[in-house]
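Asker: Take this structure first; my questions come after.
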Amino acid sequence: MDRRAIAIIASTVLAVSTTIPARAQEADGVVDAIDGARSRLTLRDGTSYVLPASFDATPLRPGMEIHLLYVA
């Protein structure tokens with residue numbers, strides 16, 4: 001393969017890889033605390049997540065079992 005073909009293949013791979021969307025992550029747990037002032041949700045296992053500004057956390061209560069989907 002000559003250098004031009006390698007350069008074309010490499011640039012094609014790079015162009016395609018930048019269009020692949022981020023993969024969603026998932027988490028399950030029980031709500032321990034909701035800090036509305038800092039938009040933070042903490043689960044009983046100690047992990048915490050920052051909530052989007054547009055998210056309405058008023059229905060969430062400590063002790064609720066939840067399933068989170070988020071983009072890492």
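Convention: chains lettered A, B, ... in structure tokens order; per-chain residue numbering from 1; ligands numbered from 1 as shown.
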Could you please write out, as an MDAnalysis selection string, every residue of chain A that DSSP assigns to alpha helix (DSSP H)?

Answerer: chainID A and resid 3:17

Asker: Could you give me, as a list in words, the residues within 8 Å of His67 in chain A, counting only C-alpha atoms and dropping anything in the same chain fewer than 3 positions from it?

Answerer: Glu26, Ala27, Asp28 and Gly29 of chain A

Asker: For each of A:Ala33, A:Asp45, A:Ile6, A:Tyr70, take the minimum atom-to-atom distance to Thr58 in chain A, counting only C-alpha atoms, then give the residue where this is smallest.

Answerer: A:Ala33

Asker: Take CA of Arg44 in chain A and CA of Arg23 in chain A and report the distance between them in Å, one decimal.

Answerer: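 We find that CA of Arg44 in chain A and CA of Arg23 in chain A lie 24.9 Å from each other.
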
Asker: Taking into account only C-alpha atoms, which residue in the set A:Val30, A:Arg61, A:Ala37, A:Leu68 is nearest to Tyr49 in chain A?

Answerer: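 Looking at the shortest contact to Tyr49 in chain A, the residue is A:Leu68.
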
Asker: Would you please give, as a list in words, all residues of chain A that DSSP assigns to strand (DSSP E or B) based on the backbone?

Answerer: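 Restricting chain A to strand (DSSP E or B) produces Ala24, Gln25, Glu26, Ala27, Asp28, Gly29, Val30, Val31, Asp32, Ala33, Ile34, Asp35, Arg40, Leu41, Thr42, Leu43, Ser48, Tyr49, Val50, Glu65, Ile66, His67, Leu68, Leu69, Tyr70 and Val71 of chain A.
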
Asker: From the set A:Arg3, A:Ser39, A:Ile34, A:Ile8, which residue has the shortest atom-to-atom contact distance to Pro52 in chain A, counting only C-alpha atoms?

Answerer: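 Between A:Arg3, A:Ser39, A:Ile34, A:Ile8, the residue approaching Pro52 in chain A most closely is A:Ser39.
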
Asker: With distances taken over only C-alpha atoms, which residue among A:Leu43, A:Leu51, A:Val31, A:Ala5 lies nearest Met64 in chain A?

Answerer: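 For Met64 in chain A, the nearest of the candidates is A:Val31.
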
Asker: Please provide as JSON, numbers by chain all residues within 8 Å of Val50 in chain A, with the sequence filter that same-chain residues fewer than 4 positions apart are discarded (counting only C-alpha atoms).

Answerer: {"A": [38, 39, 40, 41]}

Asker: Do you have the CA of Ala24 in chain A-CA of Leu69 in chain A distance handy?

Answerer: 6.3 Å
